[in-house]
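**Student:** Got a structure for you, run_7.cif, holding mmCIF, C-alpha atoms and all ligand atoms.
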```
data_start
#
loop_
_atom_site.label_atom_id
_atom_site.label_comp_id
_atom_site.auth_asym_id
_atom_site.auth_seq_id
_atom_site.Cartn_x
_atom_site.Cartn_y
_atom_site.Cartn_z
CA MET A 73 -4.54 15.84 -1.76
CA ARG A 74 -7.68 14.83 -3.66
CA ILE A 75 -8.17 11.19 -4.67
CA LEU A 76 -10.59 10.04 -7.35
CA VAL A 77 -11.71 6.42 -6.96
CA THR A 78 -13.36 5.23 -10.16
CA GLY A 79 -15.62 2.25 -9.48
CA GLY A 80 -15.76 3.81 -6.03
CA ALA A 81 -19.07 2.21 -5.07
CA GLY A 82 -17.80 -1.27 -5.93
CA PHE A 83 -16.26 -3.74 -3.53
CA VAL A 84 -12.61 -2.69 -3.86
CA GLY A 85 -13.27 0.99 -4.55
CA SER A 86 -15.66 1.60 -1.64
CA ASN A 87 -13.52 -0.29 0.85
CA LEU A 88 -10.41 1.59 -0.28
CA ALA A 89 -12.12 4.99 -0.19
CA LEU A 90 -13.59 4.47 3.28
CA LYS A 91 -10.48 2.97 4.81
CA LEU A 92 -8.24 5.70 3.42
CA LYS A 93 -10.59 8.38 4.70
CA ARG A 94 -10.75 6.75 8.16
CA GLU A 95 -6.97 6.59 8.35
CA ARG A 96 -6.24 9.97 6.78
CA ALA A 97 -9.01 12.48 7.49
CA ASP A 98 -6.98 15.15 5.65
CA LEU A 99 -7.53 13.42 2.28
CA ALA A 100 -10.41 14.58 0.07
CA ILE A 101 -11.79 11.44 -1.55
CA CYS A 102 -14.34 11.22 -4.33
CA ALA A 103 -15.96 7.93 -5.32
CA PHE A 104 -17.14 7.87 -8.93
CA ASP A 105 -19.40 5.04 -10.13
CA ASN A 106 -22.25 4.37 -12.55
CA LEU A 107 -23.78 1.87 -10.08
CA ARG A 108 -24.03 -0.85 -12.69
CA ARG A 109 -23.01 -3.62 -10.30
CA ARG A 110 -26.01 -4.85 -8.40
CA GLY A 111 -25.59 -3.89 -4.74
CA SER A 112 -23.22 -0.99 -5.45
CA GLU A 113 -26.07 1.36 -4.63
CA LEU A 114 -25.74 0.25 -1.01
CA ALA A 115 -22.32 1.91 -0.92
CA VAL A 116 -23.61 5.42 -1.60
CA THR A 117 -24.88 5.98 1.96
CA ARG A 118 -21.87 4.22 3.48
CA LEU A 119 -19.52 6.46 1.51
CA ARG A 120 -21.31 9.66 2.45
CA ASP A 121 -21.52 8.63 6.12
CA GLY A 122 -17.79 7.97 5.98
CA GLY A 123 -16.95 11.43 4.65
CA VAL A 124 -16.35 10.34 1.03
CA ASP A 125 -18.00 12.36 -1.76
CA PHE A 126 -19.97 10.41 -4.31
CA VAL A 127 -20.34 11.31 -7.99
CA HIS A 128 -22.67 9.27 -10.16
CA GLY A 129 -20.78 8.94 -13.44
CA ASP A 130 -19.56 6.62 -16.13
CA VAL A 131 -15.94 6.15 -17.19
CA ARG A 132 -17.17 5.71 -20.77
CA SER A 133 -18.08 9.40 -20.73
CA THR A 134 -15.31 12.01 -20.79
CA ASP A 135 -17.88 14.61 -19.72
CA ASP A 136 -18.74 12.62 -16.61
CA LEU A 137 -15.07 12.35 -15.72
CA ALA A 138 -14.58 16.08 -16.28
CA ASP A 139 -17.51 16.75 -13.94
CA ALA A 140 -15.68 14.86 -11.20
CA GLY A 141 -13.13 17.69 -11.09
CA ALA A 142 -9.37 17.78 -10.60
CA PHE A 143 -7.52 15.16 -8.60
CA ASP A 144 -3.96 14.27 -7.59
CA LEU A 145 -4.27 10.48 -7.48
CA LEU A 146 -6.53 8.13 -9.39
CA LEU A 147 -7.38 4.71 -8.01
CA GLU A 148 -8.84 3.00 -11.10
CA CYS A 149 -11.24 0.38 -9.74
CA SER A 150 -14.09 0.64 -12.24
CA ALA A 151 -14.69 -2.46 -14.30
CA GLU A 152 -16.87 -5.10 -15.72
CA PRO A 153 -14.99 -7.60 -13.56
CA SER A 154 -16.45 -10.86 -14.84
CA VAL A 155 -14.17 -13.16 -16.80
CA ASN A 156 -17.30 -14.49 -18.50
CA ALA A 157 -18.22 -11.08 -19.93
CA GLY A 158 -18.83 -11.20 -23.65
CA TYR A 159 -18.94 -14.99 -23.99
CA ASP A 160 -22.71 -14.99 -24.24
CA GLY A 161 -23.07 -12.05 -26.63
CA SER A 162 -21.55 -8.68 -27.38
CA PRO A 163 -18.25 -7.73 -25.73
CA ALA A 164 -19.14 -4.03 -26.11
CA TYR A 165 -19.63 -3.25 -22.43
CA VAL A 166 -16.48 -4.95 -21.19
CA ILE A 167 -14.37 -3.31 -23.91
CA GLN A 168 -15.89 0.13 -23.50
CA THR A 169 -15.61 0.13 -19.71
CA ASN A 170 -12.37 -1.76 -19.11
CA LEU A 171 -10.39 -0.42 -22.06
CA LEU A 172 -11.95 2.79 -23.35
CA GLY A 173 -12.83 3.70 -19.76
CA THR A 174 -9.18 3.27 -18.75
CA VAL A 175 -8.11 5.50 -21.65
CA HIS A 176 -10.51 8.19 -20.45
CA CYS A 177 -9.17 7.83 -16.92
CA LEU A 178 -5.56 8.09 -18.11
CA GLU A 179 -6.44 11.16 -20.15
CA ALA A 180 -8.03 12.79 -17.10
CA ALA A 181 -4.92 11.89 -15.06
CA ARG A 182 -2.67 13.39 -17.75
CA ARG A 183 -4.64 16.62 -17.80
CA HIS A 184 -4.54 16.95 -14.01
CA HIS A 185 -0.89 15.77 -13.68
CA ALA A 186 -2.16 13.05 -11.37
CA ASP A 187 -0.67 9.69 -10.38
CA VAL A 188 -2.46 6.42 -11.13
CA ILE A 189 -2.83 3.05 -9.42
CA LEU A 190 -4.48 0.55 -11.76
CA PHE A 191 -6.21 -2.58 -10.47
CA SER A 192 -5.47 -5.22 -13.03
CA THR A 193 -6.00 -8.93 -12.78
CA SER A 194 -4.35 -12.33 -12.74
CA ARG A 195 -6.56 -12.96 -15.78
CA VAL A 196 -3.96 -11.24 -17.96
CA TYR A 197 -2.30 -14.67 -17.94
CA PRO A 198 -3.46 -16.96 -20.77
CA ILE A 199 -6.07 -19.59 -20.07
CA GLU A 200 -4.36 -22.48 -21.87
CA ARG A 201 -1.02 -21.82 -20.14
CA LEU A 202 -2.69 -21.92 -16.73
CA ARG A 203 -4.60 -25.07 -17.68
CA ALA A 204 -1.30 -26.72 -18.72
CA LEU A 205 0.25 -26.48 -15.23
CA PRO A 206 1.18 -29.98 -13.96
CA LEU A 207 -1.46 -30.08 -11.25
CA GLU A 208 -2.07 -33.16 -9.13
CA PRO A 209 -5.03 -33.97 -6.89
CA ARG A 210 -4.04 -33.79 -3.22
CA GLY A 211 -6.87 -34.44 -0.75
CA ARG A 212 -9.75 -32.16 -1.70
CA ARG A 213 -7.73 -29.87 -3.95
CA LEU A 214 -5.39 -29.60 -6.89
CA GLU A 215 -1.80 -28.71 -6.11
CA LEU A 216 1.44 -27.94 -7.90
CA PRO A 217 4.17 -30.48 -7.13
CA ASP A 218 6.33 -29.19 -4.24
CA HIS A 219 9.62 -28.83 -6.04
CA ALA A 220 8.47 -28.40 -9.62
CA GLU A 221 8.87 -25.14 -11.45
CA GLY A 222 8.56 -23.75 -14.96
CA PRO A 223 8.58 -20.42 -16.75
CA GLY A 224 7.06 -17.92 -14.35
CA TRP A 225 5.70 -20.48 -11.89
CA SER A 226 6.82 -22.58 -8.96
CA ALA A 227 5.17 -24.15 -5.93
CA ARG A 228 4.91 -20.57 -4.57
CA GLY A 229 2.48 -19.75 -7.36
CA ILE A 230 2.35 -17.61 -10.49
CA ALA A 231 4.99 -14.90 -10.79
CA ARG A 232 4.81 -11.71 -12.83
CA ASP A 233 6.92 -13.16 -15.64
CA PHE A 234 4.53 -16.04 -16.37
CA PRO A 235 4.34 -16.12 -20.21
CA LEU A 236 1.71 -13.88 -21.73
CA ALA A 237 1.21 -15.43 -25.18
CA GLY A 238 -2.25 -16.88 -25.76
CA HIS A 239 -5.90 -15.93 -25.33
CA ARG A 240 -7.15 -14.88 -21.95
CA SER A 241 -10.84 -13.79 -22.17
CA MET A 242 -12.09 -10.38 -23.15
CA TYR A 243 -11.86 -9.32 -19.50
CA GLY A 244 -8.20 -10.33 -19.31
CA ALA A 245 -7.41 -8.81 -22.70
CA THR A 246 -8.94 -5.43 -21.83
CA LYS A 247 -6.94 -5.38 -18.61
CA LEU A 248 -3.67 -6.29 -20.32
CA ALA A 249 -4.32 -3.66 -23.00
CA SER A 250 -4.94 -1.13 -20.22
CA GLU A 251 -1.62 -2.08 -18.65
CA LEU A 252 0.14 -1.44 -21.97
CA LEU A 253 -1.48 1.97 -22.26
CA VAL A 254 -0.38 2.86 -18.75
CA GLU A 255 3.17 2.11 -19.83
CA GLU A 256 2.81 4.40 -22.86
CA TYR A 257 1.37 7.21 -20.74
CA ARG A 258 4.32 6.85 -18.40
CA ALA A 259 6.81 7.03 -21.26
CA MET A 260 5.12 9.82 -23.25
CA TYR A 261 3.68 12.02 -20.54
CA SER A 262 5.75 11.16 -17.46
CA LEU A 263 2.62 9.99 -15.74
CA ARG A 264 3.52 8.08 -12.58
CA ALA A 265 1.72 4.77 -12.20
CA ILE A 266 1.63 1.42 -10.41
CA ILE A 267 -0.15 -1.71 -11.62
CA ASN A 268 -1.41 -4.33 -9.21
CA ARG A 269 -2.34 -7.61 -10.92
CA CYS A 270 -4.72 -8.98 -8.32
CA GLY A 271 -5.98 -12.51 -7.86
CA VAL A 272 -9.17 -13.15 -5.89
CA ILE A 273 -9.92 -10.45 -3.33
CA SER A 274 -12.74 -10.84 -0.84
CA GLY A 275 -14.28 -9.44 2.31
CA PRO A 276 -17.35 -7.60 3.57
CA TRP A 277 -19.38 -5.61 1.04
CA GLN A 278 -18.47 -7.81 -1.89
CA MET A 279 -21.65 -8.47 -3.82
CA GLY A 280 -20.70 -12.07 -4.62
CA LYS A 281 -22.36 -13.55 -7.66
CA VAL A 282 -21.96 -16.61 -9.82
CA ASP A 283 -19.33 -15.14 -12.11
CA GLN A 284 -17.44 -12.94 -9.66
CA GLY A 285 -16.87 -13.01 -5.92
CA PHE A 286 -17.13 -16.75 -5.31
CA VAL A 287 -16.11 -16.62 -1.64
CA VAL A 288 -19.04 -14.38 -0.71
CA LEU A 289 -21.32 -16.35 -3.04
CA TRP A 290 -20.32 -19.55 -1.24
CA ALA A 291 -20.75 -18.02 2.22
CA SER A 292 -24.07 -16.35 1.45
CA GLN A 293 -25.55 -19.47 -0.13
CA HIS A 294 -24.52 -21.54 2.88
CA LEU A 295 -26.21 -19.02 5.13
CA PHE A 296 -29.27 -18.00 3.11
CA GLY A 297 -29.47 -20.15 -0.01
CA GLU A 298 -30.67 -23.49 -1.24
CA SER A 299 -27.90 -25.07 -3.25
CA LEU A 300 -24.65 -24.62 -5.18
CA SER A 301 -22.80 -26.49 -7.89
CA TYR A 302 -19.21 -27.51 -8.45
CA THR A 303 -18.73 -26.67 -12.10
CA GLY A 304 -15.85 -27.60 -14.33
CA PHE A 305 -12.68 -29.67 -14.10
CA GLY A 306 -14.58 -32.85 -13.34
CA GLY A 307 -17.17 -31.21 -11.07
CA LYS A 308 -15.53 -32.22 -7.79
CA GLY A 309 -14.71 -28.74 -6.50
CA LEU A 310 -10.95 -29.33 -6.56
CA GLN A 311 -10.08 -26.07 -8.32
CA VAL A 312 -8.00 -23.67 -6.23
CA ARG A 313 -7.65 -19.92 -5.75
CA ASP A 314 -5.73 -17.84 -3.25
CA VAL A 315 -7.83 -15.21 -1.52
CA LEU A 316 -6.64 -11.81 -0.35
CA HIS A 317 -8.49 -9.96 2.41
CA ILE A 318 -9.57 -6.52 1.22
CA ASP A 319 -7.92 -4.95 4.28
CA ASP A 320 -4.57 -6.38 3.20
CA LEU A 321 -5.02 -4.88 -0.27
CA CYS A 322 -5.88 -1.51 1.31
CA ASN A 323 -2.68 -1.67 3.34
CA LEU A 324 -0.64 -2.27 0.19
CA VAL A 325 -2.29 0.63 -1.63
CA ARG A 326 -1.68 2.97 1.30
CA ARG A 327 2.00 2.01 1.23
CA GLN A 328 2.18 2.55 -2.53
CA MET A 329 0.42 5.91 -2.62
CA GLU A 330 2.54 7.30 0.20
CA ASP A 331 5.75 6.55 -1.71
CA LEU A 332 4.54 6.62 -5.28
CA GLY A 333 7.76 7.91 -6.78
CA ARG A 334 9.59 4.89 -5.42
CA TYR A 335 7.16 2.35 -6.88
CA ASP A 336 6.41 4.22 -10.11
CA GLY A 337 6.42 1.79 -13.06
CA ALA A 338 6.01 -1.33 -10.94
CA VAL A 339 3.80 -4.22 -12.02
CA TYR A 340 3.05 -6.53 -9.12
CA ASN A 341 1.32 -9.88 -8.80
CA VAL A 342 -0.71 -9.49 -5.64
CA GLY A 343 -2.72 -12.14 -3.83
CA GLY A 344 -3.24 -14.16 -0.70
CA GLY A 345 -0.47 -16.56 -1.67
CA ARG A 346 -0.34 -20.31 -1.14
CA GLU A 347 -1.07 -20.11 2.61
CA ARG A 348 -4.39 -18.44 1.84
CA SER A 349 -5.45 -20.70 -0.98
CA VAL A 350 -8.55 -22.84 -0.92
CA SER A 351 -10.45 -25.22 -3.18
CA LEU A 352 -14.21 -25.02 -3.62
CA ALA A 353 -14.59 -28.34 -1.79
CA GLU A 354 -12.49 -27.06 1.13
CA LEU A 355 -14.43 -23.79 1.12
CA SER A 356 -17.68 -25.72 1.43
CA GLY A 357 -16.38 -27.31 4.63
CA LEU A 358 -15.28 -23.96 6.06
CA CYS A 359 -18.65 -22.37 5.19
CA CYS A 360 -20.59 -25.30 6.68
CA GLU A 361 -18.81 -24.83 10.01
CA ARG A 362 -19.63 -21.13 10.06
CA ALA A 363 -23.22 -21.38 8.79
CA GLY A 364 -24.03 -24.32 11.05
CA ARG A 365 -25.60 -26.18 8.13
CA SER A 366 -24.72 -27.82 4.87
CA ILE A 367 -26.50 -27.31 1.57
CA PRO A 368 -26.76 -29.64 -1.42
CA ILE A 369 -23.90 -29.14 -3.87
CA SER A 370 -24.38 -30.71 -7.27
CA CYS A 371 -21.63 -31.61 -9.72
CA ASP A 372 -21.33 -30.36 -13.28
CA PRO A 373 -18.13 -31.60 -14.89
CA ARG A 374 -18.38 -29.24 -17.88
CA THR A 375 -15.74 -26.50 -17.81
CA THR A 376 -16.72 -23.01 -18.91
CA ALA A 377 -14.60 -21.37 -21.61
CA ALA A 378 -12.58 -19.05 -19.37
CA ASP A 379 -12.24 -21.07 -16.18
CA VAL A 380 -8.83 -22.21 -14.96
CA PRO A 381 -8.17 -24.97 -12.43
CA TYR A 382 -5.60 -23.17 -10.31
CA TYR A 383 -4.36 -19.70 -9.59
CA VAL A 384 -2.19 -18.70 -6.66
CA ALA A 385 -0.16 -15.49 -6.73
CA ASP A 386 3.55 -15.59 -6.01
CA ASN A 387 3.94 -12.45 -3.89
CA SER A 388 7.76 -12.62 -3.75
CA HIS A 389 8.29 -9.59 -5.98
CA VAL A 390 5.82 -7.23 -4.28
CA THR A 391 7.05 -8.36 -0.87
CA SER A 392 10.72 -7.86 -1.66
CA GLU A 393 10.12 -4.39 -3.16
CA THR A 394 7.56 -2.98 -0.74
CA GLY A 395 7.89 -5.07 2.43
CA TRP A 396 4.16 -5.79 2.21
CA SER A 397 2.72 -9.24 2.65
CA PRO A 398 -0.81 -10.39 3.48
CA ARG A 399 -1.58 -10.66 7.20
CA ARG A 400 -5.21 -11.74 7.40
CA GLU A 401 -5.76 -15.49 7.43
CA LEU A 402 -8.46 -17.10 5.34
CA GLY A 403 -10.36 -18.07 8.50
CA ASP A 404 -10.41 -14.42 9.64
CA LEU A 405 -11.68 -13.39 6.23
CA LEU A 406 -14.52 -15.91 6.38
CA ASP A 407 -15.39 -14.86 9.93
CA ASP A 408 -15.56 -11.23 8.75
CA VAL A 409 -17.76 -12.16 5.78
CA PHE A 410 -20.15 -14.26 7.88
CA ARG A 411 -20.41 -11.53 10.53
CA TRP A 412 -21.22 -8.97 7.84
CA LEU A 413 -23.82 -11.24 6.20
CA ARG A 414 -25.53 -11.83 9.55
CA ASP A 415 -25.38 -8.17 10.64
CA HIS A 416 -26.99 -7.01 7.37
CA ARG A 417 -29.16 -10.02 6.69
CA GLY A 418 -32.32 -8.02 5.96
CA THR A 419 -30.62 -6.13 3.14
CA LEU A 420 -28.29 -8.80 1.85
CA GLU A 421 -30.45 -11.93 1.83
CA PRO A 422 -32.79 -10.73 -0.96
CA LEU A 423 -29.80 -9.53 -2.99
CA MET A 424 -27.79 -12.70 -2.59
CA THR A 425 -30.56 -15.23 -3.10
CA ALA A 426 -32.51 -13.65 -5.95
CA ARG A 427 -30.39 -15.56 -8.43
CA THR A 428 -30.96 -18.96 -6.86
CA PRO A 429 -34.69 -19.29 -6.22
CA ALA A 430 -35.72 -22.75 -5.11
CA HIS A 431 -37.58 -23.61 -8.30
CA LEU A 432 -34.52 -23.15 -10.55
CA PRO A 433 -31.69 -25.65 -10.97
CA PRO A 434 -28.51 -24.87 -9.04
CA THR A 435 -26.35 -22.18 -10.53
CA PRO A 436 -22.95 -23.02 -11.94
CA VAL A 437 -20.04 -21.18 -10.44
CA THR A 438 -16.79 -19.93 -11.91
CA THR A 439 -13.85 -19.52 -9.59
CA ALA A 440 -12.88 -16.41 -11.50
CA PRO A 441 -11.12 -13.47 -9.91
N1 LIG A 501 -12.57 -8.55 -6.58
C1 LIG A 501 -11.66 -9.31 -7.12
O1 LIG A 501 -11.53 -10.48 -6.75
C2 LIG A 501 -10.73 -8.73 -8.17
C3 LIG A 501 -9.68 -9.54 -8.61
C4 LIG A 501 -8.81 -9.04 -9.58
C5 LIG A 501 -8.98 -7.77 -10.07
N2 LIG A 501 -10.01 -7.00 -9.63
C6 LIG A 501 -10.15 -5.67 -10.21
O2 LIG A 501 -10.35 -4.73 -9.17
C7 LIG A 501 -11.22 -3.71 -9.63
C8 LIG A 501 -12.40 -3.59 -8.70
O3 LIG A 501 -13.14 -4.82 -8.71
P1 LIG A 501 -14.32 -5.07 -7.70
O4 LIG A 501 -14.15 -6.44 -7.18
O5 LIG A 501 -14.44 -3.94 -6.76
O6 LIG A 501 -15.54 -5.08 -8.70
P2 LIG A 501 -16.98 -4.41 -8.45
O7 LIG A 501 -17.86 -4.90 -9.56
O8 LIG A 501 -17.44 -4.63 -7.07
O9 LIG A 501 -16.66 -2.86 -8.65
C9 LIG A 501 -16.56 -2.26 -9.90
C10 LIG A 501 -17.41 -1.01 -9.87
O10 LIG A 501 -17.31 -0.37 -11.14
C11 LIG A 501 -18.58 0.16 -11.46
N3 LIG A 501 -18.64 0.32 -12.90
C12 LIG A 501 -18.87 -0.63 -13.87
N4 LIG A 501 -18.88 -0.06 -15.08
C13 LIG A 501 -18.64 1.27 -14.89
C14 LIG A 501 -18.55 2.37 -15.77
N5 LIG A 501 -18.69 2.22 -17.09
N6 LIG A 501 -18.34 3.60 -15.23
C15 LIG A 501 -18.21 3.76 -13.89
N7 LIG A 501 -18.30 2.76 -13.01
C16 LIG A 501 -18.52 1.51 -13.52
C17 LIG A 501 -19.57 -0.86 -10.93
O11 LIG A 501 -20.84 -0.30 -10.69
C18 LIG A 501 -18.91 -1.30 -9.63
O12 LIG A 501 -19.37 -0.56 -8.53
C19 LIG A 501 -11.63 -4.10 -11.05
O13 LIG A 501 -10.81 -3.42 -11.95
C20 LIG A 501 -11.36 -5.57 -11.11
O14 LIG A 501 -11.07 -5.98 -12.42
C21 LIG A 501 -10.88 -7.46 -8.70
#
```
Represent the supplied structure as C-alpha cells.

**Tutor:**
Amino acid sequence: MRILVTGGAGFVGSNLALKLKRERADLAICAFDNLRRRGSELAVTRLRDGGVDFVHGDVRSTDDLADAGAFDLLLECSAEPSVNAGYDGSPAYVIQTNLLGTVHCLEAARRHHADVILFSTSRVYPIERLRALPLEPRGRRLELPDHAEGPGWSARGIARDFPLAGHRSMYGATKLASELLVEEYRAMYSLRAIINRCGVISGPWQMGKVDQGFVVLWASQHLFGESLSYTGFGGKGLQVRDVLHIDDLCNLVRRQMEDLGRYDGAVYNVGGGRERSVSLAELSGLCCERAGRSIPISCDPRTTAADVPYYVADNSHVTSETGWSPRRELGDLLDDVFRWLRDHRGTLEPLMTARTPAHLPPTPVTTAP
C-alpha cells in the first residue's frame, strides 16, 4: 500500500507520516509539500530519517501531483491553515491551495482509484452563529451553561449538525467547498472518503505562530519570548478552545484507514472535547508553571474579524461510530511540547521568536484552529 500525504512536511502531515511508518513498516509513504509554512523545511530530514519519501511539490500544480506517482490512499493535509488568510489582501493563495488544490488531489485520487481522508476544520461553522452561543464567564474562561442546548450544540460542545448558514472566513469556506466536492466525487466516481472536521490540534513539531498553532505559540513565548497579548472579546483571555494531541489524531486516522469501507462517507467533528478545553488565561498559568517564569501579557479588547469566543468539539458521533476518543490529557500535551522546545532549543528559538523581537509591540493572537 502506498500513501500520499499532501502537506506532508507540515505539523499534521509529518506527524502522521512518521507515526504510520513507525507502526507499519510495510507501508510506502510519500510526503508531498511545497514547504511554504515556515519551519516545514525542518521536517524533510526527519521524514527521510524515518523512512518516509519526500517530494517537493505544490498541490496547485497537476504536474507536481503527477510526479508524485500512483498511490492507494491520500491523506490531504496541505493547506493555508490560517483563518485570517485573505483578510489583509488577496485571497488567491488560500483559494488556490485549499480549494483548487483539493480538486487536484481528488482528481489524482480518482485516476489512481485511491481512497481519501480529508482534514477539514471546525471553521466550516459560521462565525456569527458561534459568536451567538449563550456563553457565560466562569472563573478565567467562558463556558456554555451546563444544561443548555440549541441546534447542533450542547454543554458537550459543537456537533456535526451545527447550522452551516452564514459566513465563515475564506479558510472555512474553502474547506467547506472541498467537503462538498468530496461528496460529489464519492457519488460520481465511487471514490471512498472520510472527512475529519478538526478543532485545534497541537503537539511537538507544530510551528506555532500568531494566526495558527496558539498552544505552541503560548508555550514557546513563555519559554523563549518577551511578551504576548490577549486579543479580542474584551482582552481578558477568556476565550476557549479544546485541544487534541496529535498522537490521538494519528490513532483515529489509523483506525479509519484500516477499515475505510466501513467509515466511507463519514463526516466527523473531531477534537479534544470539553475535558481538554482551555482558555488563554488558563493556558498562561499552565505555561508559567512549565517555563518557570511569567511574561507580560497585554490586553487588546478589539476582536479580529474571524475570531470566535468558544469552540469545543462534541466527539459523541465519532466516538459512537469508531470507538475512538482522545486519551492524552492537556497536561501531557503541554509537557510534550515543552520537552520538545527544550530539546531543540537551538533550532526552534530563532524560529519562534523572530516574530516578537523586543523592540516591537506585543503580537496579537487569534485562537484559531
Ligand atoms: N493544526 C490544527 O490545529 C488544525 C485544525 C483544524 C484543521 N487543520 C487542518 O489540518 C491540515 C494540516 O494542518 P497543519 O496544522 O499541519 O498545518 P501546517 O501549516 O503545519 O501544514 C500544512 C502544510 O501544507 C504545506 N502547503 C501549503 N500550501 C501548499 C501547496 N500549495 N502545495 C503543497 N503543500 C502546501 C505547508 O508548507 C505545510 O507544510 C490542514 O488542512 C488544516 O486546515 C489543522

**Student:** Would you write out, as a Markdown table, a table of all residues in chain A that have an atom no more than 6 Å from an atom of ligand LIG 501 (chain A), listing for each the closest atom pair and the distance in Å to one decimal, considering only C-alpha atoms and all ligand atoms and ordering rows by chain and rising residue number?

**Tutor:**
```
| residue | atom | partner | partner_atom | distance |
| --- | --- | --- | --- | --- |
| A:Gly79 | CA | A:LIG501 | O10 | 3.5 |
| A:Ala81 | CA | A:LIG501 | O12 | 4.4 |
| A:Gly82 | CA | A:LIG501 | O12 | 3.1 |
| A:Phe83 | CA | A:LIG501 | O5 | 3.7 |
| A:Val84 | CA | A:LIG501 | O5 | 3.6 |
| A:Gly85 | CA | A:LIG501 | O5 | 5.5 |
| A:Asp105 | CA | A:LIG501 | N7 | 3.8 |
| A:Asn106 | CA | A:LIG501 | N7 | 4.3 |
| A:Leu107 | CA | A:LIG501 | O11 | 3.7 |
| A:Arg108 | CA | A:LIG501 | O11 | 3.8 |
| A:Arg109 | CA | A:LIG501 | O11 | 4.0 |
| A:Ser112 | CA | A:LIG501 | O12 | 4.9 |
| A:Gly129 | CA | A:LIG501 | C15 | 5.8 |
| A:Asp130 | CA | A:LIG501 | N6 | 3.4 |
| A:Val131 | CA | A:LIG501 | N6 | 4.0 |
| A:Arg132 | CA | A:LIG501 | N5 | 5.3 |
| A:Cys149 | CA | A:LIG501 | C7 | 4.1 |
| A:Ser150 | CA | A:LIG501 | O10 | 3.5 |
| A:Ala151 | CA | A:LIG501 | C12 | 4.6 |
| A:Glu152 | CA | A:LIG501 | C12 | 5.2 |
| A:Pro153 | CA | A:LIG501 | O14 | 4.4 |
| A:Thr169 | CA | A:LIG501 | N5 | 4.6 |
| A:Phe191 | CA | A:LIG501 | O2 | 4.8 |
| A:Ser192 | CA | A:LIG501 | C5 | 5.3 |
| A:Thr193 | CA | A:LIG501 | C5 | 4.2 |
| A:Cys270 | CA | A:LIG501 | C4 | 4.3 |
| A:Gly271 | CA | A:LIG501 | C4 | 4.8 |
| A:Val272 | CA | A:LIG501 | O1 | 3.7 |
| A:Ile273 | CA | A:LIG501 | O1 | 3.8 |
| A:Gly285 | CA | A:LIG501 | O1 | 6.0 |
| A:Pro441 | CA | A:LIG501 | O1 | 4.4 |
```

**Student:** Tell me which of A:Ala363, A:Ala227, A:Leu405, A:Met329 sits closest to Val315 of chain A, counting all atoms listed in the file.

**Tutor:**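 So, comparing all the options, the nearest one is A:Leu405.
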
**Student:** What's around Leu146 of chain A at 9 Å? Count only C-alpha atoms, leave out sequence neighbours fewer than 5 positions away in its own chain, and write the answer as number ranges by chain.

**Tutor:** A: 74-78, 177-178, 181, 186-190

**Student:** Could you dump the residues just selected with C-alpha atoms as a PDB file, in the coordinates of the input?

**Tutor:**
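Okay, this is what ended up in out.pdb:
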```
ATOM      1  CA  ARG A  74      -7.680  14.830  -3.660  1.00  0.00           C
ATOM      2  CA  ILE A  75      -8.170  11.190  -4.670  1.00  0.00           C
ATOM      3  CA  LEU A  76     -10.590  10.040  -7.350  1.00  0.00           C
ATOM      4  CA  VAL A  77     -11.710   6.420  -6.960  1.00  0.00           C
ATOM      5  CA  THR A  78     -13.360   5.230 -10.160  1.00  0.00           C
ATOM      6  CA  CYS A 177      -9.170   7.830 -16.920  1.00  0.00           C
ATOM      7  CA  LEU A 178      -5.560   8.090 -18.110  1.00  0.00           C
ATOM      8  CA  ALA A 181      -4.920  11.890 -15.060  1.00  0.00           C
ATOM      9  CA  ALA A 186      -2.160  13.050 -11.370  1.00  0.00           C
ATOM     10  CA  ASP A 187      -0.670   9.690 -10.380  1.00  0.00           C
ATOM     11  CA  VAL A 188      -2.460   6.420 -11.130  1.00  0.00           C
ATOM     12  CA  ILE A 189      -2.830   3.050  -9.420  1.00  0.00           C
ATOM     13  CA  LEU A 190      -4.480   0.550 -11.760  1.00  0.00           C
TER      14      LEU A 190
END
```

**Student:** Counting all atoms listed in the file, what is within 12 Å of segment 343-349 of chain A, bar same-chain residues fewer than 5 positions away, as a ChimeraX atom specification?

**Tutor:** /A:192-194,213-216,218,226-232,268-274,287,310-321,324,354-355,382-391,396-406,441

**Student:** For the atom pair atom CA of Ser154 of chain A and atom CA of Tyr335 of chain A, what is the interatomic distance in Å to one decimal place?

**Tutor:**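 So the two atoms, atom CA of Ser154 of chain A and atom CA of Tyr335 of chain A, lie 28.2 Å apart.
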
**Student:** I'd like to know which of A:Asn156, A:Ser241, A:Ser370, A:Thr117 is closest to Val282 of chain A, using all atoms listed in the file.

**Tutor:**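 Closest residue, counting all atoms listed in the file: A:Asn156.
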
**Student:** Which is closer to Glu255 of chain A than all the others in A:Val166, A:Ala338, A:Leu145, A:Val155, using only C-alpha atoms?

**Tutor:**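 Ranked by minimum distance to Glu255 of chain A, first place goes to A:Ala338.
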
**Student:** Quick one, how far is atom CA of Ile101 of chain A from atom CA of Met279 of chain A?

**Tutor:** 22.3 Å

**Student:** Which residues are near Ser292 of chain A? Cut-off 9 Å, only C-alpha atoms, ignore same chain within fewer than 6 positions. Put them as a PyMOL selection string.

**Tutor:** chain A and resi 280+359+363+409-410+413+420-421+424-425

**Student:** Residues at most 9 Å from Asp233 of chain A, counting all atoms listed in the file, excluding those fewer than 4 positions away in the same chain, as a PyMOL selection string?

**Tutor:** chain A and resi 223-225

**Student:** Let me make sure I understand: among A:Ala138, A:Phe143, A:Glu95, A:Val175, which one has the smallest atom-to-atom distance to Leu252 of chain A if we use all atoms listed in the file?

**Tutor:**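 Result for the nearest residue to Leu252 of chain A: A:Val175.
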
**Student:** Find, counting all atoms listed in the file, the residue in A:Arg118, A:Lys308, A:Arg110, A:Arg195 that gets nearest to Arg212 of chain A.

**Tutor:**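 Counting all atoms listed in the file, the residue closest to Arg212 of chain A is A:Lys308.
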
**Student:** What is the distance between atom CA of Leu236 of chain A and atom CA of Arg201 of chain A, in Å to one decimal?

**Tutor:**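 Separation of atom CA of Leu236 of chain A and atom CA of Arg201 of chain A: 8.5 Å.
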
**Student:** Restricting the calculation to all atoms listed in the file, which member of A:Val124, A:Thr394, A:His184, A:Leu172 is positioned closest to Ala142 of chain A?

**Tutor:**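 Using all atoms listed in the file, Ala142 of chain A sits closest to A:His184.
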
**Student:** What residues have an atom no more than 6 Å from (-19.7, 8.9, -8.7) in the file's own frame, counting all atoms listed in the file, and can you write them as a compact mmCIF listing (two decimals) with C-alpha atoms, in the coordinates of the input?

**Tutor:**
```
# COMPACT_ATOMS: atom_id res chain seq x y z
CA ALA A 103 -15.96 7.93 -5.32
CA PHE A 104 -17.14 7.87 -8.93
CA ASP A 105 -19.40 5.04 -10.13
CA PHE A 126 -19.97 10.41 -4.31
CA VAL A 127 -20.34 11.31 -7.99
CA HIS A 128 -22.67 9.27 -10.16
CA GLY A 129 -20.78 8.94 -13.44
```
